[in-house]
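Q: To start, I am sharing the structure in question, which I have written as C-alpha cells.
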2 protein chains.
Amino acid sequence: MSDKIVSDAEKQRESVELYLKQLGNIIYEQIENREFPWIMMQSRSTDNIIYDPDLRQYVLGDRMIRRHSRNIRHIRPFTQLVWTAWFARELLRLRKTSTLREVYYSARGQRDIEFKNQAESDNIITDLETALNTPREEFNIFPEERSAIFGDLTIEYTVPGYEGKRMNLTEHPDGVMIGPALTSSKFVETSADKVLVIEKGAMFTRLVEEQAHEQFNAILIHTAGQSPRSTRSIIHRLNRDHGLPVYIFTDGDPWGVHIAMVIISGSANAAHLRGLATPEAKWIGVWATDIIKYKLPTENLTDYDVKRLKELTADPRYKEELWQREIATFLKIGKKAELEAFSRYGLTYIVDEYLPAKLEGL
Amino acid sequence: MSDKIVSDAEKQRESVELYLKQLGNIIYEQIENREFPWIMMQSRSTDNIIYDPDLRQYVLGDRMIRRHSRNIRHIRPFTQLVWTAWFARELLRLRKTSTLREVYYSARGQRDIEFKNQAESDNIITDLETALNTPREEFNIFPEERSAIFGDLTIEYTVPGYEGKRMNLTEHPDGVMIGPALTSSKFVETSADKVLVIEKGAMFTRLVEEQAHEQFNAILIHTAGQSPRSTRSIIHRLNRDHGLPVYIFTDGDPWGVHIAMVIISGSANAAHLRGLATPEAKWIGVWATDIIKYKLPTENLTDYDVKRLKELTADPRYKEELWQREIATFLKIGKKAELEAFSRYGLTYIVDEYLPAKLEGL
C-alpha cells in the first residue's frame, strides 16, 4: 500500500510539473513562430466572479483575458508570471516547499524581475493558479498560517525523508500542526464518523482535554481564525473521500459566521479553484439564537460588526433561511458571544451539554 | 523510569495544591481570630520592578503590599483573588487546564464575582502568581498562543490518558505544537547539542525541510512572534537542565530584537517569576550589520520603528556593546530586513551559508 501511495503523490507532482513545462513550451513555440508570446487565462475581475448555486461556491465566469508581451502594460505581469512558473517548477524539481513571502524575496534576488511588494507577487501566484487551474499548494507554495488537527486518523507522509511513514493523529495531545507535510499526506484510515471544526484554540484544547474525539467519535480541526486554504482542503477531503459530515463551531459574531461560510462555500478570492469548499458542512453555533437560549455572557455589537452583518445579508451565499434568521437575530439583540462564553456554566458544559444538544438538534 | 516521572509531575501538582490550601487556611485562621482577612505579596508597581544585573532579568524589589478586606478599595481585588485561587485549586484537583480567557468567562458564571474585562482577570491571575511565587502554568492556566518545536528530543507526557507515553519530536515534520501537554512533559533524552530559536514560521519550515536539525545537531523552536511563556520556559529548561546553548534568529528590526531580548532577560510583566529567562542565550541575527554585510533586501524604518529603537537604547537590558552597536546601526542605515530576505540568494542560502557563518563567528 505504501508504495502505491507514494507513487500517487509522485504522479500528482509529475502532472503539475508537466503543466508547467507545457506553459513553457507554448511560449517557446510562440517565439519560434516569431510571435510576441502571450498567455490566456480566465479573468479574475469582480464582474467575472459569479456565485454558482449548484456548486454552492464562487466560480469564475467565461470571460478570458490574454497577457500579451506585445502590450506594453502587460510586459511586467507577463514576465513576472513566467518567472513565477519557472520558480514553481524549480520547487517541484527540487522537492522543496516555499511560502508566499519567500517567493517574494526570491524574486528580489533576480536582476530583471521586480515586485513592488508581496501583494503584487501573491497576485501573480494567483494568476498562475488560474492559468494552470491548479492550487499553489500543488506547486509547493504554502501560506504561513498554522492550524491543527486531532483524532483517530492515520496519515501516511509523502514528504522527502518521511515517505511511507505513518502517524495517528491522536499521538500528540496538543494537536498536530497542519503544515506542508500534513497537507500532502495520504489519509489512510479513520474510525471517526464526523469532523468538528473549531475556530478557537482554547476550545480546541478544551475538546481534546475532554476527549471529545472519543465522546463524539470525531476528528477535531482547529482553524485558528479564518481557515488557511490547506485546512479547508483537508476538511474537503475528509468530507468527500471519507464521507464524514462536517460541523463548524465559531464565535457568535459576524466574523465567526463568515469563517463558517468560507469553509462551506469558499471565498471570492479562490473563485478560480475547486476542492476547497465543503457545501455539505453545517454551521451549528454559536448562533445568535443560542445567545438568547443559553443566556450567554455577551459583548455589544460594534458599529463595524453591524455594518459587516448588513453586508452578509446581501451576499448570495447567505440567502438560506438559517443564515438570514441568525443575522437578523444578531442585529435585533445587538449582542455577540464567544465560544468560551459557555465557561460561565463550568469548563465542561460545552462538551457535556451544548455540543450534544446541537448535534442532536440537526 | 516512567513511574518516577509521573510521580515528579504529581509531586509538583501536589505542592502547588498545598500552597493554594495554605492560602485558604491563612484566610480561615484570620476570620477565626476575628480579623478582617488579608493577603501579603510583593508589589508589582513599576517603581518596584528592578533590573537585576546578576540574574540578568527584571525582578521585583522588596516592597510588599497588603490586600486587606477591611479596606473598601481592596475588597473587590481581594475577593477576586480568593475566587481565582479557588478556581486554580479546582483545576488542579480535577486535572484540567484552562486558558486565561476561560477563567474570565468562568468568573462570569459566578453570582458574586465580577471582572470588568479579561484584562482585569488576567491581572488578578498575575497577583496570584506573585502571592504564590508560582507561574500560572503550574496551576494549569495557559495562554492561547501556539508555537512549535522539532528535533531529536524524546519527551514523556504527564497529562491524563498519556502518562508515561513517549514521543520523539522529529515524528511530525510540520513541527510539534507547544501546548499544555508538551509544556508539562518530561524531557527524557536528546542527542542535540544546541537550540535554534526562530521567530518566523516560514523560516522554521525551511529549517525543518533542509534538515537543519541534523546539519546543526539542533532542536528547532518556532516562537511565532513574541514567545509565549510556555515556550520561554521550554527554552530555559533545555538550557539549564540539558546544558544546550541557545541561539536566537529574528527579523532584523526593533520587534525582532526585542523578541530575542525577552527570551534572554524576560519581560517586566514577568518580573515576579523565575524560570522563564535564559540569560546565556545569544541573539545571532538578523543584525543591522548583517543587512549591510549580506546586502539584504530592506524596508525603510518607520517613525514608530525609530521611536522603539530609541526606547531600547535606554533600557538597562540593552546596555551591552553588541546591542548598542546594532541599535545604532539600525538607526544609522534607517533600514530593516526580515529573515526571509535571505531568499534572494536562493531558498537554502540561510541554511547553507548564513547560519554556519553566524555560528562559527561566535
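A note on labels: chains of the C-alpha cells are A, B, ... as shown, every chain counts residues from 1, and ligands are counted from 1 in their shown order.
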Neighbouring residues of Arg66 (chain B) were defined as those with any atom within 7 Å, considering only C-alpha atoms; residues of the same chain fewer than 2 positions away were excluded. Please report them as a list in words.

A: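 Skipping anything fewer than 2 positions along the chain leaves Trp38, Ile39, Met40, Met41, Met64 and His68 of chain B.
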
Q: Take the residues from that selection and put them in a file with N, CA and C atoms, as a JSON list (two decimals), in the first residue's frame.

A:
[["chain", "number", "residue", "atom", "x", "y", "z"],
["B", 38, "TRP", "N", -6.56, 39.25, 55.16],
["B", 38, "TRP", "CA", -5.72, 39.98, 54.22],
["B", 38, "TRP", "C", -4.68, 39.03, 53.63],
["B", 39, "ILE", "N", -4.10, 39.44, 52.50],
["B", 39, "ILE", "CA", -3.06, 38.66, 51.84],
["B", 39, "ILE", "C", -1.89, 39.59, 51.56],
["B", 40, "MET", "N", -0.69, 39.09, 51.78],
["B", 40, "MET", "CA", 0.51, 39.89, 51.58],
["B", 40, "MET", "C", 1.24, 39.39, 50.33],
["B", 41, "MET", "N", 1.74, 40.31, 49.53],
["B", 41, "MET", "CA", 2.54, 39.89, 48.36],
["B", 41, "MET", "C", 3.48, 41.01, 47.95],
["B", 64, "MET", "N", 6.48, 45.34, 49.84],
["B", 64, "MET", "CA", 5.34, 44.42, 49.92],
["B", 64, "MET", "C", 4.06, 45.24, 49.93],
["B", 68, "HIS", "N", -6.20, 44.06, 51.81],
["B", 68, "HIS", "CA", -6.86, 43.96, 53.10],
["B", 68, "HIS", "C", -8.37, 44.10, 52.93]]

Q: Write out as a list in words each polymer residue whose atoms come within 9 Å of Asn133 (chain A), counting only C-alpha atoms; drop sequence neighbours fewer than 5 positions from it.

A: Leu128, His272, Leu273 and Arg274 of chain A

Q: According to DSSP computed on the backbone, where in region 180-357 of chain B is there strand (DSSP E)? Give the residues as a ChimeraX atom specification.

A: /B:186-190,194-198,218-222,246-249,282-285,299-300,335-336

Q: Counting only C-alpha atoms, which residues of chain A fall within 6 Å of chain B, and what is the closest atom pair for each with its distance in Å at one decimal, ordered by chain and rising number, as a Markdown table?

A:
| residue | atom | partner | partner_atom | distance |
| --- | --- | --- | --- | --- |
| A:Glu102 | CA | B:Glu340 | CA | 5.7 |
| A:Tyr105 | CA | B:Arg344 | CA | 5.3 |
| A:Ser106 | CA | B:Arg344 | CA | 4.2 |
| A:Arg108 | CA | B:Arg344 | CA | 5.4 |
| A:Gly109 | CA | B:Arg344 | CA | 3.7 |
| A:Glu144 | CA | B:Ala202 | CA | 5.9 |
| A:Asp174 | CA | B:Gly179 | CA | 5.1 |
| A:Gly179 | CA | B:Asp174 | CA | 5.1 |
| A:Ala181 | CA | B:Asp174 | CA | 5.7 |
| A:Ala202 | CA | B:Glu144 | CA | 5.9 |
| A:Glu340 | CA | B:Glu102 | CA | 5.7 |
| A:Ala341 | CA | B:Tyr105 | CA | 5.5 |
| A:Ser343 | CA | B:Ser106 | CA | 4.7 |
| A:Arg344 | CA | B:Gly109 | CA | 3.7 |
| A:Tyr345 | CA | B:Gly109 | CA | 5.8 |

Q: Give me, as a PyMOL selection string, the residues of region 65-124 of chain A that a backbone DSSP run labels alpha helix (DSSP H).

A: chain A and resi 75-94+100-108+118-124

Q: Keeping C-alpha atoms for every residue in the selection just given, could you write it to a file as a PDB file, in the first residue's frame?

A:
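The result, stored in out05.pdb:
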ATOM      1  CA  ILE A  75       5.057  43.101 -20.208  1.00  0.00           C
ATOM      2  CA  ARG A  76       5.607  43.451 -16.479  1.00  0.00           C
ATOM      3  CA  PRO A  77       2.945  40.967 -15.262  1.00  0.00           C
ATOM      4  CA  PHE A  78       3.745  38.654 -18.195  1.00  0.00           C
ATOM      5  CA  THR A  79       7.411  38.494 -17.222  1.00  0.00           C
ATOM      6  CA  GLN A  80       6.535  38.083 -13.544  1.00  0.00           C
ATOM      7  CA  LEU A  81       4.207  35.200 -14.397  1.00  0.00           C
ATOM      8  CA  VAL A  82       6.827  33.410 -16.465  1.00  0.00           C
ATOM      9  CA  TRP A  83       9.405  33.810 -13.711  1.00  0.00           C
ATOM     10  CA  THR A  84       6.909  32.533 -11.104  1.00  0.00           C
ATOM     11  CA  ALA A  85       6.158  29.493 -13.264  1.00  0.00           C
ATOM     12  CA  TRP A  86       9.904  28.829 -13.526  1.00  0.00           C
ATOM     13  CA  PHE A  87      10.246  29.176  -9.753  1.00  0.00           C
ATOM     14  CA  ALA A  88       7.320  26.789  -9.137  1.00  0.00           C
ATOM     15  CA  ARG A  89       8.907  24.254 -11.444  1.00  0.00           C
ATOM     16  CA  GLU A  90      12.176  24.553  -9.536  1.00  0.00           C
ATOM     17  CA  LEU A  91      10.302  23.884  -6.284  1.00  0.00           C
ATOM     18  CA  LEU A  92       8.787  20.718  -7.733  1.00  0.00           C
ATOM     19  CA  ARG A  93      12.033  19.603  -9.330  1.00  0.00           C
ATOM     20  CA  LEU A  94      13.989  20.065  -6.080  1.00  0.00           C
ATOM     21  CA  LEU A 100       4.314  33.209  -0.324  1.00  0.00           C
ATOM     22  CA  ARG A 101       6.733  35.529   1.420  1.00  0.00           C
ATOM     23  CA  GLU A 102       9.813  33.568   0.350  1.00  0.00           C
ATOM     24  CA  VAL A 103       8.634  33.714  -3.263  1.00  0.00           C
ATOM     25  CA  TYR A 104       8.532  37.496  -2.994  1.00  0.00           C
ATOM     26  CA  TYR A 105      12.056  37.675  -1.576  1.00  0.00           C
ATOM     27  CA  SER A 106      13.370  35.095  -4.035  1.00  0.00           C
ATOM     28  CA  ALA A 107      12.236  37.396  -6.829  1.00  0.00           C
ATOM     29  CA  ARG A 108      14.203  40.215  -5.236  1.00  0.00           C
ATOM     30  CA  GLN A 118       4.349  40.962  -1.571  1.00  0.00           C
ATOM     31  CA  ALA A 119       0.773  41.792  -2.592  1.00  0.00           C
ATOM     32  CA  GLU A 120       1.992  42.011  -6.184  1.00  0.00           C
ATOM     33  CA  SER A 121       3.771  38.644  -6.078  1.00  0.00           C
ATOM     34  CA  ASP A 122       0.843  36.976  -4.275  1.00  0.00           C
ATOM     35  CA  ASN A 123      -1.374  38.248  -7.072  1.00  0.00           C
ATOM     36  CA  ILE A 124       0.859  36.774  -9.770  1.00  0.00           C
TER      37      ILE A 124
END

Q: Report the distance between CA of Ile65 (chain B) and CA of Arg44 (chain B) in Å, rounded to one decimal place.

A: 8.9 Å

Q: What is the distance, in Å and to one decimal place, between CA of Trp283 (chain B) and CA of Gln324 (chain B)?

A: 13.1 Å

Q: Which one is closest to Lys319 (chain B): B:Met261, B:Asn48, B:Ile284, B:Asp152? Count only C-alpha atoms.

A: B:Met261

Q: Go ahead and compute the interatomic distance for CA of Asn117 (chain B) and CA of Asp305 (chain A), in Å to one decimal.

A: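 Those two atoms sit 19.3 Å apart.
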
Q: Can you pull out the residues contacting Ser45 (chain A)? Cut-off 12 Å, using only C-alpha atoms, and skip same-chain residues under 2 positions away; I want them as a CSV table (one decimal) with N, CA and C atoms, in the first residue's frame.

A:
chain,number,residue,atom,x,y,z
A,41,MET,N,-5.9,33.2,-19.9
A,41,MET,CA,-6.5,32.6,-18.7
A,41,MET,C,-7.8,33.3,-18.4
A,42,GLN,N,-8.6,32.6,-17.5
A,42,GLN,CA,-9.9,33.2,-17.1
A,42,GLN,C,-9.7,34.6,-16.4
A,43,SER,N,-10.6,35.5,-16.6
A,43,SER,CA,-10.5,36.8,-16.0
A,43,SER,C,-10.9,36.6,-14.5
A,47,ASP,N,-16.3,41.4,-12.0
A,47,ASP,CA,-17.5,41.2,-12.9
A,47,ASP,C,-17.5,39.8,-13.5
A,48,ASN,N,-16.4,39.1,-13.3
A,48,ASN,CA,-16.3,37.7,-13.8
A,48,ASN,C,-16.3,36.7,-12.7
A,49,ILE,N,-16.6,37.1,-11.4
A,49,ILE,CA,-16.7,36.2,-10.3
A,49,ILE,C,-18.2,36.0,-10.0
A,50,ILE,N,-18.7,34.8,-10.2
A,50,ILE,CA,-20.1,34.5,-10.1
A,50,ILE,C,-20.4,33.5,-9.0
A,59,VAL,N,-17.4,31.0,-8.5
A,59,VAL,CA,-16.6,30.4,-9.6
A,59,VAL,C,-16.3,31.6,-10.6
A,60,LEU,N,-15.3,31.4,-11.4
A,60,LEU,CA,-15.0,32.4,-12.5
A,60,LEU,C,-16.0,32.1,-13.7
A,61,GLY,N,-16.4,33.2,-14.3
A,61,GLY,CA,-17.2,33.1,-15.5
A,61,GLY,C,-16.4,32.8,-16.7
A,62,ASP,N,-17.0,33.0,-17.9
A,62,ASP,CA,-16.3,32.5,-19.1
A,62,ASP,C,-15.4,33.5,-19.7
A,63,ARG,N,-15.4,34.7,-19.2
A,63,ARG,CA,-14.6,35.8,-19.8
A,63,ARG,C,-13.1,35.4,-19.7
A,64,MET,N,-12.4,35.5,-20.8
A,64,MET,CA,-10.9,35.2,-20.8
A,64,MET,C,-10.1,36.5,-20.9
A,65,ILE,N,-8.9,36.4,-20.4
A,65,ILE,CA,-8.0,37.6,-20.7
A,65,ILE,C,-6.7,37.0,-21.3
A,127,ASP,N,-2.6,34.4,-10.4
A,127,ASP,CA,-2.6,34.2,-11.8
A,127,ASP,C,-2.2,32.9,-12.3
A,268,ALA,N,-14.5,34.5,-2.5
A,268,ALA,CA,-14.4,35.1,-3.9
A,268,ALA,C,-12.9,35.1,-4.4
A,269,ASN,N,-12.0,35.2,-3.5
A,269,ASN,CA,-10.6,35.2,-3.8
A,269,ASN,C,-10.1,33.9,-4.4
A,271,ALA,N,-12.2,31.9,-6.2
A,271,ALA,CA,-13.2,31.5,-7.2
A,271,ALA,C,-12.6,30.7,-8.3
A,272,HIS,N,-11.3,30.8,-8.6
A,272,HIS,CA,-10.7,30.1,-9.7
A,272,HIS,C,-10.3,28.7,-9.3

Q: Which of these residues is nearest to Ala218 (chain A), using only C-alpha atoms: A:Ser184, A:Ser265, A:Thr190, A:Thr298?

A: A:Thr190

Q: Which residues are near Ile198 (chain A)? Cut-off 9 Å, only C-alpha atoms, ignore same chain within fewer than 6 positions. Put them as a ChimeraX atom specification.

A: /A:204,220-225,247-250

Q: Which polymer residues have any atom within 9 Å of an atom of Gly243 (chain A), counting only C-alpha atoms, with same-chain residues fewer than 3 positions away left out, as a ChimeraX atom specification?

A: /A:193-194,237-240

Q: I need the chosen residues saved as a PDB file, in the first residue's frame, with C-alpha atoms.

A:
ATOM      1  CA  ASP A 193     -17.787   9.349  11.780  1.00  0.00           C
ATOM      2  CA  LYS A 194     -17.735  13.145  11.766  1.00  0.00           C
ATOM      3  CA  ARG A 237     -11.084  15.653   1.573  1.00  0.00           C
ATOM      4  CA  LEU A 238     -12.451  14.219   4.829  1.00  0.00           C
ATOM      5  CA  ASN A 239     -15.961  15.038   3.647  1.00  0.00           C
ATOM      6  CA  ARG A 240     -15.623  13.938   0.024  1.00  0.00           C
TER       7      ARG A 240
END

Q: Quick one: everything within 8 Å of Ile259 (chain A), counting only C-alpha atoms, minus sequence neighbours fewer than 3 positions away in the same chain. Send it as a list in words.

A: Glu199, Gly225, Gln226, Ser227, Thr250, Trp255, Gly256, Val262 and Ile263 of chain A

Q: Those residues with N, CA and C atoms, as a PDB file, in the first residue's frame please?

A:
ATOM      1  N   GLU A 199     -13.156  27.175  15.679  1.00  0.00           N
ATOM      2  CA  GLU A 199     -12.413  28.395  15.335  1.00  0.00           C
ATOM      3  C   GLU A 199     -11.298  28.699  16.334  1.00  0.00           C
ATOM      4  N   GLY A 225      -8.840  30.961  13.624  1.00  0.00           N
ATOM      5  CA  GLY A 225      -9.445  32.083  12.900  1.00  0.00           C
ATOM      6  C   GLY A 225      -9.883  31.630  11.516  1.00  0.00           C
ATOM      7  N   GLN A 226      -9.829  32.554  10.559  1.00  0.00           N
ATOM      8  CA  GLN A 226     -10.201  32.226   9.180  1.00  0.00           C
ATOM      9  C   GLN A 226      -9.315  31.070   8.707  1.00  0.00           C
ATOM     10  N   SER A 227      -9.895  29.973   8.211  1.00  0.00           N
ATOM     11  CA  SER A 227      -9.068  28.791   7.908  1.00  0.00           C
ATOM     12  C   SER A 227      -8.155  29.030   6.731  1.00  0.00           C
ATOM     13  N   THR A 250     -18.089  28.283  15.737  1.00  0.00           N
ATOM     14  CA  THR A 250     -17.327  29.531  15.722  1.00  0.00           C
ATOM     15  C   THR A 250     -17.868  30.441  16.814  1.00  0.00           C
ATOM     16  N   TRP A 255     -17.847  37.686  12.306  1.00  0.00           N
ATOM     17  CA  TRP A 255     -16.577  37.125  11.846  1.00  0.00           C
ATOM     18  C   TRP A 255     -16.605  35.603  11.950  1.00  0.00           C
ATOM     19  N   GLY A 256     -17.178  35.102  13.046  1.00  0.00           N
ATOM     20  CA  GLY A 256     -17.346  33.660  13.200  1.00  0.00           C
ATOM     21  C   GLY A 256     -18.270  33.093  12.133  1.00  0.00           C
ATOM     22  N   VAL A 262     -16.942  30.506   4.738  1.00  0.00           N
ATOM     23  CA  VAL A 262     -15.822  30.305   3.811  1.00  0.00           C
ATOM     24  C   VAL A 262     -15.460  28.810   3.736  1.00  0.00           C
ATOM     25  N   ILE A 263     -15.601  28.090   4.839  1.00  0.00           N
ATOM     26  CA  ILE A 263     -15.391  26.640   4.791  1.00  0.00           C
ATOM     27  C   ILE A 263     -16.466  25.982   3.911  1.00  0.00           C
TER      28      ILE A 263
END

Q: When you look at Val306 (chain A) with a cut-off of 12 Å (counting only C-alpha atoms), what residues show up, excluding the ones that are within fewer than 2 positions of it in the same chain? I need them as a VMD selection string.

A: chain A and resid 253 to 255 300 to 304 308 to 313 327 to 336

Q: Output C-alpha atoms of each residue in that selection to a file, as a CSV table (one decimal), in the first residue's frame.

A:
chain,number,residue,atom,x,y,z
A,253,ASP,CA,-20.4,37.2,15.8
A,254,PRO,CA,-20.2,38.2,12.1
A,255,TRP,CA,-16.6,37.1,11.8
A,300,ASN,CA,-22.3,44.7,22.4
A,301,LEU,CA,-22.0,44.6,18.6
A,302,THR,CA,-19.8,47.4,17.4
A,303,ASP,CA,-20.7,49.7,14.5
A,304,TYR,CA,-18.3,47.7,12.5
A,308,ARG,CA,-20.5,43.6,8.4
A,309,LEU,CA,-23.7,41.8,9.3
A,310,LYS,CA,-25.6,44.0,6.8
A,311,GLU,CA,-23.1,43.2,4.1
A,312,LEU,CA,-23.6,39.5,4.8
A,313,THR,CA,-27.4,39.8,4.4
A,327,ILE,CA,-28.1,37.5,11.1
A,328,ALA,CA,-31.5,39.2,11.7
A,329,THR,CA,-31.3,38.0,15.4
A,330,PHE,CA,-27.8,39.3,15.9
A,331,LEU,CA,-29.0,42.7,14.6
A,332,LYS,CA,-32.1,42.6,16.7
A,333,ILE,CA,-30.3,41.7,20.0
A,334,GLY,CA,-27.3,43.9,19.3
A,335,LYS,CA,-25.1,41.4,21.0
A,336,LYS,CA,-22.3,38.8,20.3
